[in-house]
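Structure data (compact mmCIF, C-alpha atoms) from query34.txt:
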```
# COMPACT_ATOMS: atom_id res chain seq x y z
CA MET A 1324 78.32 84.67 135.89
CA LEU A 1325 79.51 88.25 136.58
CA LEU A 1326 80.36 87.33 140.17
CA GLU A 1327 82.20 84.20 139.03
CA PHE A 1328 84.34 86.26 136.64
CA GLU A 1329 84.93 88.84 139.38
CA GLU A 1330 86.33 86.15 141.69
CA GLN A 1331 88.81 84.95 139.07
CA GLU A 1332 92.25 86.49 139.50
CA GLY A 1333 93.15 88.45 136.37
CA LEU A 1334 96.53 89.47 135.06
CA ILE A 1335 95.95 93.25 135.18
CA ARG A 1336 96.18 94.89 138.61
CA ASP A 1337 95.70 98.60 137.81
CA ARG A 1338 93.94 99.32 134.50
CA SER A 1339 94.30 103.09 134.84
CA LEU A 1340 98.05 102.77 134.12
CA LEU A 1341 97.14 101.20 130.77
CA ASP A 1342 94.99 104.17 129.77
CA PRO A 1343 97.12 106.43 127.50
CA ASN A 1344 95.11 109.46 128.66
CA HIS A 1345 95.66 108.79 132.37
CA VAL A 1346 97.80 111.50 133.97
CA VAL A 1347 100.77 109.67 135.50
CA GLU A 1348 103.34 110.79 138.04
CA GLU A 1349 106.37 112.69 136.80
CA ASP A 1350 108.75 109.73 137.24
CA ARG A 1351 106.70 107.73 134.74
CA ILE A 1352 107.23 110.34 131.98
CA VAL A 1353 110.15 109.10 129.91
CA GLY A 1354 112.30 110.65 127.19
CA ARG A 1355 110.76 114.10 127.49
CA ASP A 1356 112.99 115.83 130.05
CA ARG A 1357 113.59 118.89 127.87
CA GLN A 1358 109.92 119.37 126.98
CA LEU A 1359 108.84 118.77 130.58
CA GLN A 1360 111.28 121.41 131.81
CA GLU A 1361 110.23 123.94 129.16
CA VAL A 1362 106.49 123.58 129.81
CA THR A 1363 107.02 123.65 133.58
CA LYS A 1364 109.27 126.70 133.40
CA MET A 1365 106.76 128.67 131.34
CA LEU A 1366 103.55 127.70 133.14
CA ARG A 1367 105.00 127.95 136.67
CA VAL A 1368 104.50 131.72 136.78
CA ALA A 1369 100.85 130.95 137.60
CA LEU A 1370 102.12 129.98 141.07
CA GLY A 1371 102.81 133.66 141.72
CA ASP A 1372 99.35 134.64 140.49
CA ASN A 1373 100.82 135.89 137.19
CA ARG A 1374 99.83 135.23 133.58
CA PRO A 1375 101.80 132.40 131.88
CA PRO A 1376 102.79 132.80 128.22
CA ASN A 1377 100.82 131.11 125.43
CA LEU A 1378 102.34 127.84 124.16
CA PHE A 1379 102.28 125.93 120.89
CA LEU A 1380 103.12 122.23 121.36
CA TYR A 1381 103.58 120.36 118.09
CA GLY A 1382 104.78 116.98 116.87
CA PRO A 1383 103.47 113.53 115.92
CA SER A 1384 100.58 111.85 117.72
CA GLY A 1385 101.40 109.95 120.91
CA THR A 1386 104.64 111.80 121.71
CA GLY A 1387 103.63 113.19 125.12
CA LYS A 1388 102.24 116.65 124.29
CA SER A 1389 98.91 116.28 126.10
CA LEU A 1390 100.37 114.09 128.85
CA ILE A 1391 103.02 116.63 129.85
CA THR A 1392 100.57 119.55 129.73
CA LYS A 1393 98.08 117.73 131.95
CA ALA A 1394 100.77 116.59 134.39
CA VAL A 1395 102.23 120.09 134.78
CA CYS A 1396 98.80 121.72 135.15
CA LYS A 1397 97.77 119.11 137.74
CA ASN A 1398 100.82 119.92 139.88
CA ILE A 1399 100.31 123.68 139.47
CA SER A 1400 96.69 123.28 140.57
CA GLN A 1401 97.71 121.43 143.74
CA ILE A 1402 100.29 124.07 144.71
CA CYS A 1403 97.94 126.97 143.86
CA SER A 1404 95.26 125.43 146.05
CA SER A 1405 97.63 125.50 149.02
CA ARG A 1406 98.34 129.20 148.29
CA ASP A 1407 94.67 130.17 147.99
CA ILE A 1408 95.02 130.88 144.25
CA ARG A 1409 92.03 129.74 142.20
CA PHE A 1410 93.74 127.99 139.28
CA GLY A 1411 91.82 126.07 136.62
CA THR A 1412 92.63 123.94 133.58
CA VAL A 1413 90.02 123.95 130.79
CA GLU A 1414 90.83 121.25 128.26
CA VAL A 1415 88.95 120.44 125.03
CA ASN A 1416 89.77 118.12 122.16
CA CYS A 1417 88.85 119.97 118.98
CA GLN A 1418 88.63 116.91 116.76
CA ASP A 1419 84.84 116.58 117.07
CA LEU A 1420 83.96 120.29 117.22
CA ASP A 1421 82.33 121.52 114.01
CA THR A 1422 82.13 125.30 114.43
CA LEU A 1423 83.53 128.16 116.45
CA GLY A 1424 80.21 128.50 118.32
CA ILE A 1425 80.30 124.85 119.42
CA ALA A 1426 83.94 125.23 120.49
CA VAL A 1427 83.16 128.28 122.64
CA TYR A 1428 80.19 126.50 124.24
CA GLU A 1429 82.39 123.48 125.01
CA LEU A 1430 85.01 125.73 126.64
CA GLY A 1431 82.28 127.28 128.77
CA ARG A 1432 80.88 123.90 129.74
CA ARG A 1433 84.33 122.56 130.71
CA ALA A 1434 85.08 125.75 132.67
CA ALA A 1435 81.75 125.35 134.50
CA ASP A 1436 82.59 121.71 135.30
CA GLU A 1437 86.01 122.75 136.62
CA ALA A 1438 84.37 125.38 138.84
CA CYS A 1439 81.49 123.04 139.85
CA VAL A 1440 78.85 125.52 138.61
CA ASP A 1441 76.24 125.41 135.84
CA ILE A 1442 76.57 126.90 132.38
CA GLU A 1443 73.63 129.21 131.71
CA VAL A 1444 73.45 129.28 127.91
CA PRO A 1445 72.23 126.47 125.60
CA LYS A 1446 74.46 124.70 123.11
CA HIS A 1447 72.27 125.73 120.16
CA GLY A 1448 69.91 128.58 119.36
CA VAL A 1449 71.93 131.54 120.67
CA ALA A 1450 74.57 133.76 119.08
CA THR A 1451 78.23 132.88 119.53
CA LYS A 1452 78.74 136.23 121.33
CA GLU A 1453 76.38 135.07 124.11
CA LYS A 1454 78.50 131.96 124.53
CA TRP A 1455 81.65 134.08 124.74
CA ASP A 1456 80.00 136.29 127.38
CA GLU A 1457 79.02 133.21 129.40
CA LEU A 1458 82.56 131.83 129.19
CA TYR A 1459 83.97 135.17 130.40
CA ARG A 1460 81.45 135.26 133.27
CA ILE A 1461 82.28 131.73 134.47
CA VAL A 1462 86.04 132.35 134.35
CA ASN A 1463 85.91 135.79 135.99
CA GLU A 1464 83.65 134.65 138.84
CA ASN A 1465 85.47 131.44 139.66
CA PHE A 1466 89.17 131.69 138.80
CA ASP A 1467 92.25 133.82 139.32
CA SER A 1468 94.15 132.04 136.57
CA VAL A 1469 93.12 129.62 133.80
CA VAL A 1470 95.06 127.60 131.23
CA PHE A 1471 93.01 126.70 128.14
CA VAL A 1472 94.36 123.49 126.61
CA LEU A 1473 93.21 123.14 122.98
CA ASP A 1474 94.16 119.64 121.85
CA GLU A 1475 94.21 118.78 118.11
CA LEU A 1476 93.41 122.42 117.45
CA ASP A 1477 94.10 122.17 113.72
CA MET A 1478 90.99 119.96 113.36
CA LEU A 1479 88.72 122.93 114.24
CA VAL A 1480 88.28 124.28 110.72
CA GLY A 1481 84.68 125.57 110.91
CA ARG A 1482 82.71 126.98 108.00
CA ARG A 1483 84.51 127.00 104.66
CA ASP A 1484 83.06 130.37 103.64
CA LYS A 1485 85.00 132.18 106.36
CA GLN A 1486 88.28 133.83 105.50
CA ASP A 1487 90.19 132.38 108.47
CA PRO A 1488 89.75 128.85 109.89
CA ALA A 1489 87.80 128.58 113.15
CA PHE A 1490 90.94 127.75 115.15
CA SER A 1491 92.48 131.06 114.07
CA ARG A 1492 89.41 133.02 115.22
CA LEU A 1493 89.34 131.08 118.51
CA LEU A 1494 92.98 131.91 119.22
CA TYR A 1495 92.36 135.57 118.40
CA GLN A 1496 89.39 135.90 120.77
CA LEU A 1497 91.04 134.06 123.65
CA SER A 1498 94.34 135.92 123.40
CA ARG A 1499 92.58 139.30 123.06
CA ALA A 1500 90.12 138.71 125.92
CA GLY A 1501 92.69 139.52 128.61
CA ALA A 1502 93.98 142.59 126.79
CA ASN A 1503 90.44 143.95 126.39
CA ASP A 1504 89.61 143.39 130.08
CA GLU A 1505 86.81 141.01 129.13
CA MET A 1506 88.54 138.48 131.35
CA THR A 1507 89.84 139.72 134.66
CA ALA A 1508 91.49 136.36 135.40
CA HIS A 1509 94.95 135.61 133.99
CA ILE A 1510 94.49 133.35 130.96
CA SER A 1511 96.98 131.33 128.94
CA VAL A 1512 96.38 129.18 125.87
CA VAL A 1513 98.21 125.93 125.15
CA ALA A 1514 97.60 124.99 121.51
CA ILE A 1515 98.45 121.35 120.69
CA SER A 1516 98.71 120.00 117.16
CA ASN A 1517 100.17 117.11 115.18
CA ASP A 1518 100.55 119.50 112.25
CA THR A 1519 103.92 121.24 112.42
CA LYS A 1520 102.72 123.86 109.91
CA MET A 1521 99.48 124.77 111.66
CA MET A 1522 100.69 128.23 112.69
CA GLU A 1523 101.17 129.12 109.01
CA LEU A 1524 97.37 128.93 108.65
CA VAL A 1525 96.69 131.26 111.58
CA GLY A 1526 95.58 134.72 110.45
CA SER A 1527 97.95 137.64 110.94
CA ARG A 1528 95.76 139.33 113.58
CA ALA A 1529 95.48 136.13 115.62
CA LEU A 1530 99.20 135.40 115.28
CA SER A 1531 100.05 138.92 116.44
CA SER A 1532 98.02 138.60 119.65
CA PHE A 1533 98.67 134.88 120.32
CA THR A 1534 102.52 134.96 119.92
CA PRO A 1535 103.21 131.55 121.51
CA GLU A 1536 106.36 129.93 122.79
CA ASP A 1537 107.03 126.83 120.65
CA VAL A 1538 107.82 123.41 122.13
CA HIS A 1539 108.63 120.62 119.65
CA PHE A 1540 108.01 116.92 120.37
CA ASP A 1541 109.69 114.30 118.18
CA ASP A 1542 108.99 110.57 117.78
CA TYR A 1543 109.87 108.16 120.55
CA ASP A 1544 112.43 105.52 119.55
CA ALA A 1545 112.10 101.85 120.48
CA ASN A 1546 114.30 102.21 123.59
CA GLN A 1547 112.23 105.11 124.93
CA LEU A 1548 109.02 103.19 124.27
CA GLN A 1549 110.45 100.24 126.18
CA SER A 1550 111.22 102.55 129.12
CA ILE A 1551 107.67 103.95 129.05
CA LEU A 1552 106.19 100.44 129.16
CA ARG A 1553 108.57 99.29 131.90
CA ARG A 1554 107.46 102.20 134.08
CA ARG A 1555 103.88 101.00 133.63
CA GLN A 1556 104.42 97.25 133.95
CA ASP A 1557 103.25 97.41 137.57
CA ALA A 1558 99.79 97.74 136.00
CA PHE A 1559 100.09 93.94 135.80
CA HIS A 1560 100.45 91.51 138.67
CA GLU A 1561 104.04 90.57 139.44
CA ASP A 1562 105.82 88.21 137.06
CA VAL A 1563 103.00 87.69 134.53
CA LEU A 1564 104.72 89.31 131.52
CA ASP A 1565 106.98 87.09 129.41
CA ASP A 1566 110.45 88.55 128.82
CA GLY A 1567 109.90 89.58 125.20
CA VAL A 1568 106.48 91.19 125.62
CA ILE A 1569 107.58 94.75 126.36
CA SER A 1570 110.32 94.86 123.71
CA LEU A 1571 107.95 93.45 121.05
CA ALA A 1572 105.18 95.95 121.86
CA ALA A 1573 107.74 98.78 121.76
CA ALA A 1574 109.10 97.55 118.41
CA PHE A 1575 105.62 97.47 116.85
CA ALA A 1576 104.86 100.99 118.08
CA ALA A 1577 108.25 102.29 116.92
CA GLN A 1578 107.46 101.10 113.38
CA THR A 1579 104.45 103.45 113.21
CA HIS A 1580 105.80 106.89 114.11
CA GLY A 1581 107.00 106.10 117.66
CA ASP A 1582 103.52 106.47 119.17
CA ALA A 1583 103.47 105.87 122.94
CA ARG A 1584 99.68 105.61 122.95
CA LYS A 1585 99.90 102.70 120.56
CA ALA A 1586 102.55 100.97 122.68
CA ILE A 1587 100.39 101.29 125.81
CA ASP A 1588 97.27 100.16 123.91
CA LEU A 1589 99.14 97.13 122.57
CA ILE A 1590 100.25 95.89 125.96
CA ARG A 1591 96.78 96.51 127.44
CA VAL A 1592 95.01 94.59 124.65
CA ALA A 1593 97.59 91.80 124.90
CA GLY A 1594 96.84 91.50 128.63
CA GLU A 1595 93.09 91.44 128.01
CA LEU A 1596 93.45 88.75 125.32
CA ALA A 1597 95.53 86.60 127.71
CA GLU A 1598 92.91 87.05 130.45
CA ARG A 1599 90.06 86.01 128.13
CA GLU A 1600 91.98 82.89 127.13
CA GLY A 1601 92.49 82.05 130.79
CA ASP A 1602 96.27 82.08 130.28
CA SER A 1603 98.45 82.57 133.33
CA ARG A 1604 100.89 84.85 131.49
CA VAL A 1605 100.97 87.51 128.78
CA ARG A 1606 103.02 86.10 125.92
CA GLU A 1607 104.52 87.40 122.67
CA ARG A 1608 101.73 85.76 120.66
CA HIS A 1609 99.22 87.89 122.62
CA VAL A 1610 101.15 91.02 121.56
CA ARG A 1611 101.06 89.91 117.90
CA ALA A 1612 97.32 89.25 118.14
CA ALA A 1613 96.88 92.65 119.83
CA GLN A 1614 98.82 94.34 117.01
CA ASP A 1615 96.39 92.96 114.44
CA LYS A 1616 93.37 93.89 116.54
CA VAL A 1617 94.49 97.44 117.41
CA GLU A 1618 95.40 98.24 113.80
CA LYS A 1619 92.18 96.82 112.43
CA ASN A 1620 90.03 98.58 115.04
CA ARG A 1621 91.64 101.93 114.28
CA VAL A 1622 91.32 101.57 110.54
CA LEU A 1623 87.74 100.33 110.87
CA GLU A 1624 86.83 103.35 112.98
CA VAL A 1625 88.18 105.67 110.28
CA VAL A 1626 86.88 103.96 107.15
CA ARG A 1627 83.42 103.16 108.49
CA GLY A 1628 82.27 106.74 107.97
CA ILE A 1629 83.97 107.68 104.69
CA SER A 1630 82.24 107.74 101.31
CA THR A 1631 82.37 104.89 98.78
CA GLN A 1632 84.54 107.01 96.47
CA LYS A 1633 87.10 107.59 99.23
CA LYS A 1634 87.07 103.87 100.00
CA LEU A 1635 87.79 103.09 96.34
CA CYS A 1636 90.68 105.58 96.25
CA LEU A 1637 92.11 104.25 99.52
CA TYR A 1638 91.69 100.60 98.49
CA ALA A 1639 93.43 101.15 95.14
CA THR A 1640 96.35 102.98 96.75
CA ALA A 1641 96.78 100.44 99.58
CA ALA A 1642 96.66 97.60 97.04
CA VAL A 1643 99.60 99.18 95.21
CA ALA A 1644 101.54 99.69 98.45
CA THR A 1645 101.25 95.98 99.34
CA GLU A 1646 103.17 95.12 96.15
CA THR A 1647 106.09 97.56 96.55
CA ASP A 1648 109.23 96.91 98.57
CA ASP A 1649 108.89 100.05 100.72
CA GLU A 1650 105.05 99.89 101.00
CA THR A 1651 104.57 103.20 99.17
CA ALA A 1652 102.28 103.93 96.23
CA ARG A 1653 102.62 106.41 93.38
CA SER A 1654 99.51 108.45 92.65
CA THR A 1655 99.77 107.61 88.94
CA THR A 1656 99.71 103.87 89.60
CA GLY A 1657 97.05 104.15 92.29
CA TYR A 1658 94.78 106.04 89.91
CA ARG A 1659 94.98 103.30 87.25
CA VAL A 1660 93.99 100.69 89.85
CA TYR A 1661 91.19 103.02 90.99
CA GLN A 1662 89.94 103.10 87.37
CA PHE A 1663 89.91 99.29 87.32
CA LEU A 1664 87.92 99.17 90.59
CA THR A 1665 85.31 101.70 89.46
CA ASP A 1666 84.85 99.80 86.17
CA SER A 1667 84.52 96.52 88.07
CA ILE A 1668 81.68 97.66 90.33
CA ASP A 1669 80.14 100.11 87.84
CA ALA A 1670 80.77 103.15 90.07
CA ASP A 1671 81.26 106.76 89.00
CA GLN A 1672 84.83 107.38 87.89
CA TYR A 1673 86.50 110.68 88.75
CA HIS A 1674 89.44 112.39 87.07
CA GLN A 1675 92.94 111.85 88.43
CA GLU A 1676 92.97 115.28 90.09
CA THR A 1677 89.88 114.35 92.15
CA TYR A 1678 91.43 110.99 93.09
CA VAL A 1679 94.55 112.80 94.32
CA ASN A 1680 92.50 115.33 96.31
CA LYS A 1681 90.52 112.56 98.00
CA MET A 1682 93.74 110.81 98.96
CA LYS A 1683 95.13 114.08 100.32
CA GLU A 1684 92.04 114.34 102.54
CA MET A 1685 93.02 111.00 104.07
CA THR A 1686 96.00 112.70 105.70
CA THR A 1687 93.60 114.30 108.19
CA TYR A 1688 92.84 110.79 109.52
CA SER A 1689 96.58 110.03 109.90
CA LEU A 1690 96.08 107.01 107.61
CA VAL A 1691 98.40 108.27 104.88
CA ASP A 1692 101.03 110.88 104.23
CA PHE A 1693 102.52 111.94 100.91
CA GLU A 1694 105.53 113.54 99.26
CA ARG A 1695 105.84 115.14 95.82
CA ARG A 1696 108.28 113.19 93.64
CA SER A 1697 109.81 113.25 90.16
CA HIS A 1698 112.09 110.89 88.27
CA GLY A 1699 113.58 113.52 86.00
CA PRO A 1700 112.35 116.25 83.65
CA SER A 1701 110.75 113.82 81.19
CA SER A 1702 108.80 111.74 83.74
CA GLY A 1703 106.59 114.47 85.24
CA MET A 1704 105.56 114.96 88.85
CA PHE A 1705 103.56 112.54 91.00
CA LEU A 1706 102.66 112.07 94.66
CA GLU A 1707 104.09 109.17 96.62
CA PHE A 1708 101.77 107.95 99.40
CA GLN A 1709 103.06 106.34 102.61
CA PHE A 1710 100.76 104.58 105.07
CA GLY A 1711 100.53 105.06 108.85
CA GLU A 1712 99.17 101.51 109.22
CA ARG A 1713 100.00 98.33 107.33
CA PRO A 1714 98.44 98.56 103.86
CA ARG A 1715 97.31 94.93 104.11
CA THR A 1716 95.30 95.73 107.25
CA ILE A 1717 93.62 98.60 105.40
CA LEU A 1718 92.74 96.27 102.51
CA GLU A 1719 91.29 93.62 104.83
CA THR A 1720 89.18 96.22 106.61
CA LEU A 1721 87.90 97.85 103.43
CA ARG A 1722 86.87 94.46 102.02
CA GLU A 1723 84.21 94.33 104.72
CA ASP A 1724 82.33 96.76 102.47
CA SER A 1725 80.04 94.58 100.31
CA ARG A 1726 80.76 96.58 97.11
CA LEU A 1727 84.51 96.10 97.38
CA GLU A 1728 84.05 92.46 98.28
CA MET A 1729 82.46 92.00 94.82
CA VAL A 1730 85.92 92.35 93.23
CA ALA A 1731 88.10 89.26 93.65
CA ALA A 1732 91.23 90.05 95.70
CA GLU A 1733 93.34 87.90 93.34
CA GLU A 1734 92.10 89.89 90.35
CA VAL A 1735 93.02 93.21 92.01
CA GLN A 1736 96.44 91.81 92.90
CA SER A 1737 97.05 90.74 89.28
CA VAL A 1738 96.15 94.22 87.97
CA VAL A 1739 98.34 95.90 90.61
CA ARG A 1740 101.37 93.75 89.80
CA ALA A 1741 101.00 94.52 86.10
CA GLN A 1742 100.82 98.26 86.83
CA VAL A 1743 103.81 98.15 89.19
CA ARG A 1744 105.85 96.35 86.48
CA ASN A 1745 104.86 99.05 83.96
CA GLU A 1746 105.85 101.71 86.47
CA ALA A 1747 109.29 100.12 86.89
```
Take the structure in this file and express it as structure tokens.
Amino acid sequence: MLLEFEEQEGLIRDRSLLDPNHVVEEDRIVGRDRQLQEVTKMLRVALGDNRPPNLFLYGPSGTGKSLITKAVCKNISQICSSRDIRFGTVEVNCQDLDTLGIAVYELGRRAADEACVDIEVPKHGVATKEKWDELYRIVNENFDSVVFVLDELDMLVGRRDKQDPAFSRLLYQLSRAGANDEMTAHISVVAISNDTKMMELVGSRALSSFTPEDVHFDDYDANQLQSILRRRQDAFHEDVLDDGVISLAAAFAAQTHGDARKAIDLIRVAGELAEREGDSRVRERHVRAAQDKVEKNRVLEVVRGISTQKKLCLYATAAVATETDDETARSTTGYRVYQFLTDSIDADQYHQETYVNKMKEMTTYSLVDFERRSHGPSSGMFLEFQFGERPRTILETLREDSRLEMVAAEEVQSVVRAQVRNEA
């Protein structure tokens, strides 16, 4: 059966071009000329065996921050190799790193991989200082210049009992290592974050030694997303994409923060769906089906691991958003629906402040965002929640939880509509 499928001609010719993390050639990078020039200009000093400045790249997810950094570092590495300069790029995504010690070990392991050597300390059971020493040893013995790329750095919070978050302490150590002669190689740190205010949380000592150059990335618009997809359409065999496929995928992605990763994912999933159906072309209906699948998969990945209380808060708030014209939900209304849900399934019911705090925590998953609002001195303050995905998709996904499925969707809708009318 595998061999039979292998012999069938698919629609996708080069799947690597449909991987958002694949480092593409410079002419495929669209709508980021200014950022590409700035990053190149600042990191290029490594070509003369000098230390590049530290950088802070910030802006929404999927706007080219990691892509441009990787592309520039890849080109620098190739030129340095021809000049007998030992240049390395050590990249880690901080999203899944719990503590500073784990982050330092991961940097050491990635540096060892880049140098094709072994790391000589274990991941657990040794002091963080030993991991720092091993990182310094690997870098000093194998490189003349290293760029540390710390993606989603704001997610590295670490232990709550520490005065500064773990990402602040990591930046301090890395930026001080060269000044203290602990690293003889030239090192530069590229901090990448979706949080525009991350640097406000960096401790004063770390900020003083890190002192980065800032590069801002804004959302892609629909036209830029179309250009990105058109420069990757050779991932498919010639003339298999219907005319409206690229513009529709770009329009969907533009609706949710102009995320290029989402646009590329959409067109990839659409192609895979068409292949599985045995269709000879990728059509607009495949893009629409891909939109539903990509959204649901992402939401499912997030909500699968959250607590029942967070699910109740999220469900109540999304239910309100489905009944408002602009798909937003006031915290006051969401809390009343949350009370109804907890009563319905006989769950613990928290105070409104706790509900609000749990919804605020959802911002770390990029599911929701919020703004503080007021309708005049007599109405009081409330938070207004906006969703990164369609609220209806969030509801459908959450209803896969057996406890939430116990409450009839029509009953929730009736309560929500009554509360929204009261709110008006």
Distance table requested - region 1645-1738 of chain A against region 1478-1488 of chain A, cut-off 12 Å, all atoms listed in the file: one row per qualifying residue with the closest atom pair and its distance in Å to one decimal, ordered by chain and rising residue number, as CSV.
```
residue,atom,partner,partner_atom,distance
A:Thr1686,CA,A:Met1478,CA,11.7
A:Thr1687,CA,A:Met1478,CA,8.1
A:Tyr1688,CA,A:Met1478,CA,10.1
A:Ser1689,CA,A:Met1478,CA,11.9
```
Distance of CA of Ala1489 (chain A) from CA of Ser1527 (chain A), expressed in Å to one decimal place: 13.8 Å
Separation of CA of Thr1716 (chain A) from CA of Lys1616 (chain A), in Å and rounded to one decimal: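 CA of Lys1616 (chain A) lies 9.7 Å from CA of Thr1716 (chain A).
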Pairwise distance for CA of Glu1464 (chain A) and CA of Gly1448 (chain A), rounded to one decimal in Å: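 Those two atoms sit 24.6 Å apart.
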Shell around Asn1465 (chain A) at 9 Å using all atoms listed in the file, local window under 5 positions removed, as a PyMOL selection string: chain A and resi 1409-1411+1435+1438+1440+1460+1508
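For the residues A:His1539, A:Lys1681, A:Arg1695, A:Lys1393, ranking by smallest atom-to-atom distance to Val1347 (chain A) using all atoms listed in the file places A:Lys1393 first.
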Counting only C-alpha atoms, the option among A:Ala1583, A:Val1605, A:Tyr1543, A:Tyr1428 closest to Phe1559 (chain A):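 Under the stated criterion, the closest residue is A:Val1605.
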Skipping near chain neighbours, those fewer than 2 positions away, what residues fall within 12 Å of His1674 (chain A) using only C-alpha atoms, listed as a PDB file with C-alpha atoms, in the frame of the given file?
```pdb
ATOM      1  CA  GLN A1632      84.540 107.010  96.470  1.00  0.00           C
ATOM      2  CA  CYS A1636      90.680 105.580  96.250  1.00  0.00           C
ATOM      3  CA  THR A1655      99.770 107.610  88.940  1.00  0.00           C
ATOM      4  CA  TYR A1658      94.780 106.040  89.910  1.00  0.00           C
ATOM      5  CA  ARG A1659      94.980 103.300  87.250  1.00  0.00           C
ATOM      6  CA  TYR A1661      91.190 103.020  90.990  1.00  0.00           C
ATOM      7  CA  GLN A1662      89.940 103.100  87.370  1.00  0.00           C
ATOM      8  CA  THR A1665      85.310 101.700  89.460  1.00  0.00           C
ATOM      9  CA  ASP A1671      81.260 106.760  89.000  1.00  0.00           C
ATOM     10  CA  GLN A1672      84.830 107.380  87.890  1.00  0.00           C
ATOM     11  CA  GLU A1676      92.970 115.280  90.090  1.00  0.00           C
ATOM     12  CA  THR A1677      89.880 114.350  92.150  1.00  0.00           C
ATOM     13  CA  TYR A1678      91.430 110.990  93.090  1.00  0.00           C
ATOM     14  CA  VAL A1679      94.550 112.800  94.320  1.00  0.00           C
ATOM     15  CA  ASN A1680      92.500 115.330  96.310  1.00  0.00           C
ATOM     16  CA  LYS A1681      90.520 112.560  98.000  1.00  0.00           C
TER      17      LYS A1681
END
```
Counting all atoms listed in the file, the residue of A:Glu1624, A:Asp1582, A:Asp1337, A:Glu1712 that sits nearest Ala1644 (chain A):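 Between A:Glu1624, A:Asp1582, A:Asp1337, A:Glu1712, the residue approaching Ala1644 (chain A) most closely is A:Glu1712.
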Sel. within 7 Å of pt (95.3, 130.5, 111.0), counting all atoms listed in the file, output as a ChimeraX atom specification: /A:1487-1488,1490-1491,1522-1526
Among the residues A:Val1462, A:Ala1394, A:Leu1370, A:Leu1690, the one that comes closest to Arg1406 (chain A) [using all atoms listed in the file]: A:Leu1370
Selection: 12 Å around Ser1384 (chain A), all atoms listed in the file, excl. self and same-chain fewer than 5 positions, as a short mmCIF file (atom, residue, chain, number, x, y, z; two decimals) with C-alpha atoms, in the frame of the given file:
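Output contents, as saved in around-v9.cif:
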```cif
data_model
loop_
_atom_site.label_atom_id
_atom_site.label_comp_id
_atom_site.auth_asym_id
_atom_site.auth_seq_id
_atom_site.Cartn_x
_atom_site.Cartn_y
_atom_site.Cartn_z
CA PRO A 1343 97.12 106.43 127.50
CA SER A 1389 98.91 116.28 126.10
CA LEU A 1390 100.37 114.09 128.85
CA ASP A 1474 94.16 119.64 121.85
CA GLU A 1475 94.21 118.78 118.11
CA ILE A 1515 98.45 121.35 120.69
CA SER A 1516 98.71 120.00 117.16
CA ASN A 1517 100.17 117.11 115.18
CA ASP A 1518 100.55 119.50 112.25
CA THR A 1519 103.92 121.24 112.42
CA PHE A 1540 108.01 116.92 120.37
CA ASP A 1541 109.69 114.30 118.18
CA ASP A 1542 108.99 110.57 117.78
CA TYR A 1543 109.87 108.16 120.55
CA ALA A 1576 104.86 100.99 118.08
CA THR A 1579 104.45 103.45 113.21
CA HIS A 1580 105.80 106.89 114.11
CA GLY A 1581 107.00 106.10 117.66
CA ASP A 1582 103.52 106.47 119.17
CA ALA A 1583 103.47 105.87 122.94
CA ARG A 1584 99.68 105.61 122.95
CA LYS A 1585 99.90 102.70 120.56
CA TYR A 1688 92.84 110.79 109.52
CA SER A 1689 96.58 110.03 109.90
CA GLY A 1711 100.53 105.06 108.85
#
```
Answer as a PyMOL selection string, residues within 9 Å of (108.8, 104.2, 126.3) using all atoms listed in the file: chain A and resi 1352-1354+1543-1554+1573+1583+1586-1587
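When all atoms listed in the file are used to measure the gap to Ser1511 (chain A), the shortest distance among A:Lys1446, A:Arg1611, A:Arg1374, A:Arg1591 belongs to A:Arg1374.
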Test item: residues at most 9 Å from Leu1366 (chain A), only C-alpha atoms, excluding those fewer than 6 positions along its chain, as an MDAnalysis selection string: chainID A and resid 1374:1377 1395:1396 1399 1470 1511
Val1472 (chain A) environment, 7 Å, only C-alpha atoms, sequence neighbours closer than 6 positions dropped, as a list in words: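 Within the cut-off, the hits are Val1413, Glu1414, Val1415, Val1512, Val1513 and Ala1514 of chain A.
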